[in-house]
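Encoded as structure tokens, the structure appears first; notes follow it.
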Amino acid sequence: LPRAVAAAPPRIAQAASAGRTPIFFLDYDGTLAPIVRDPDTAFLPPETRDTLRALAKRYKVAIVSGRSLAKVRAFVGLEELYYAGSHGFDIVGPGGENAIQHHQVAQTYLPDLRTAAARIGEEVLRKYVGATIEDNWLAFSVHYRQCVGDRAEVAVGIEKIVDGVLAEFPTLKKTYGKCVFELRPKIDWDKGKAVSWLLTALKVNEASQFLPIYIGDDKTDEDAFRELKGIGLSAIVRDKAEETGLTCADFVLRDPFEVRDFLQSFV
């Protein structure tokens, strides 16, 4: 993949010359904030927050994360942004002239989701030292990055527990992330659908006027990359060691620090 820092600016300049204004959609973990062993300490670097604040003065900026809405808003700490938490199941925007209706998807799935997560959590936490269960409201994350033992063997064991419980809950599904299994409602909704909904809510449905730009680092971001094919640009955040993996992204950025530098070029 071409590097975004060099290859994207000409494409963006071409769009700008045609009157298209960028609108940014950004994942959080691994994109804006570095991946850390303890997900509760994935704090946003102050310099990145300053960049986002400056970027939002010129363009619309949305954070699209698997974290709960409350958690990702607390991490970012900027009220002027749009947020899509729980993999896009919970969407909110700033107040004032940029306000949008608070949009929540699949709340009726919450009882099953919580019951299944409790059962999985009980067994996983008993068997695997270092595993954690994170409540992201309309998604639960089973983290195993800090587990003791061979990581591949741990992943196989935890996935077996997850699959065993989910077999009893046809309303739910499992998705994958970096050292994490996600439990989510089994409906046709994902980060790509959330981006599409936001574009419509923001009245950014005229391709000749706007250029959506999505940046993310994980498998769940591929849904957004696909959604924007042909109408926007996307960049995946990954280092050289991960380059062989298939992706629908147009460009690559090496790490959250290069993401910040890329965003800074717009302000």
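Every chain in the structure tokens takes a letter, A first, then B, and so on in the order presented; its residues are numbered from 1, and the ligands are numbered from 1 following the presented order.
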
For this session: For segment 143-154 of chain A, list every protein, DNA or RNA residue within 7 Å, evaluated using only C-alpha atoms, and leave out those in the same chain fewer than 3 positions away; present the list as JSON, numbers by chain.
Result: {"A": [37, 128, 129, 130, 131, 132, 133, 157, 158, 179, 180, 181]}

Exercise. Quick one: residues within 12 Å of Tyr28 of chain A, only C-alpha atoms counted, chain neighbours fewer than 3 positions away excluded, as JSON, numbers by chain?
Worked result: {"A": [25, 31, 32, 33, 34, 35, 39, 42, 43, 44, 45, 48, 49, 52, 62, 63, 64, 65, 66, 67, 68, 69, 71, 72, 73, 74, 75, 76, 83, 84, 85, 86, 87, 214, 215, 216, 217, 218, 220, 221, 237, 255, 256, 259, 260]}

Exercise. What is the distance, in Å and to one decimal place, between atom CA of Lys229 of chain A and atom CA of Gly245 of chain A?
Worked result: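 Between atom CA of Lys229 of chain A and atom CA of Gly245 of chain A the gap is 18.2 Å.
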
Exercise. Counting only C-alpha atoms, which of A:Ala70, A:Ala18, A:Ile236, A:Val156 gets nearest to Asp135 of chain A?
Worked result: A:Ala70

For this session: Name the residues in contact with segment 3-13 of chain A at a cut-off of 10 Å, using only C-alpha atoms, excluding same-chain residues fewer than 3 positions from it; report them as a ChimeraX atom specification.
Result: /A:16-22,211,213,232-237,250-254,258-259,261-263,265-266

Seminar exercise, completed: Restricting to only C-alpha atoms, whichever of A:Glu222, A:Asp190, A:Glu182, A:Glu123 is closest to Phe140 of chain A is A:Glu182

Exercise. Looking only at the backbone, which of the residues in segment 133-196 of chain A does DSSP tag as strand (DSSP E or B), as a PyMOL selection string?
Worked result: chain A and resi 133-135+140-143+172-177+180-185

Problem set entry | Residues within 8 Å of Ala116 of chain A, only C-alpha atoms, excluding chain neighbours under 4 positions, as a ChimeraX atom specification | /A:112,120,165-166,169

Problem set entry | Residues flagged alpha helix (DSSP H) by DSSP in segment 73-142 of chain A, as an MDAnalysis selection string | chainID A and resid 73:76 110:127

Create the file for the chosen residues now, containing C-alpha atoms and written as a compact mmCIF listing (two decimals), in the first residue's frame.
# COMPACT_ATOMS: atom_id res chain seq x y z
CA ARG A 73 -15.65 10.51 25.02
CA ALA A 74 -13.81 10.54 28.34
CA PHE A 75 -10.56 9.42 26.69
CA VAL A 76 -10.74 12.07 23.94
CA LEU A 110 -28.90 -5.85 25.84
CA PRO A 111 -30.37 -8.59 28.11
CA ASP A 112 -28.95 -11.41 25.96
CA LEU A 113 -25.65 -9.58 25.58
CA ARG A 114 -25.22 -9.10 29.31
CA THR A 115 -26.25 -12.64 30.17
CA ALA A 116 -23.85 -14.14 27.65
CA ALA A 117 -21.01 -11.82 28.69
CA ALA A 118 -21.50 -12.73 32.36
CA ARG A 119 -21.30 -16.45 31.61
CA ILE A 120 -18.26 -16.05 29.37
CA GLY A 121 -16.58 -13.77 31.87
CA GLU A 122 -17.10 -16.18 34.76
CA GLU A 123 -15.43 -19.06 32.92
CA VAL A 124 -12.69 -17.06 31.18
CA LEU A 125 -11.61 -15.19 34.31
CA ARG A 126 -11.52 -18.43 36.29
CA LYS A 127 -9.35 -20.25 33.75

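Proximity ranking of A:Val36, A:Leu81, A:Ala155, A:Ala139 relative to Arg58 of chain A places A:Leu81 first, based on only C-alpha atoms.
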
Exercise. Of the candidates A:Gly177, A:Gly88, A:Gly30, A:Gly164, which one gets nearest to Ala194 of chain A if we count only C-alpha atoms?
Worked result: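 Result for the nearest residue to Ala194 of chain A: A:Gly88.
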
Problem set entry | 6 Å contact set for segment 224-227 of chain A, only C-alpha atoms, chain neighbours under 6 positions out, as a VMD selection string | chain A and resid 191 to 192 234 248 to 249

Generate the output file for the selected residues, N, CA and C atoms, as a CSV table (one decimal), in the first residue's frame.
chain,number,residue,atom,x,y,z
A,191,LYS,N,-19.2,-0.5,11.8
A,191,LYS,CA,-18.6,0.8,11.7
A,191,LYS,C,-18.9,1.5,10.4
A,192,GLY,N,-19.0,0.6,9.3
A,192,GLY,CA,-19.3,1.2,8.0
A,192,GLY,C,-20.7,1.7,8.0
A,234,SER,N,-9.4,6.0,2.6
A,234,SER,CA,-9.2,5.3,3.8
A,234,SER,C,-7.7,5.0,4.0
A,248,CYS,N,-9.0,-3.3,2.6
A,248,CYS,CA,-9.7,-2.5,1.6
A,248,CYS,C,-9.3,-1.1,1.7
A,249,ALA,N,-8.3,-0.8,2.5
A,249,ALA,CA,-7.8,0.6,2.7
A,249,ALA,C,-7.1,1.1,1.4
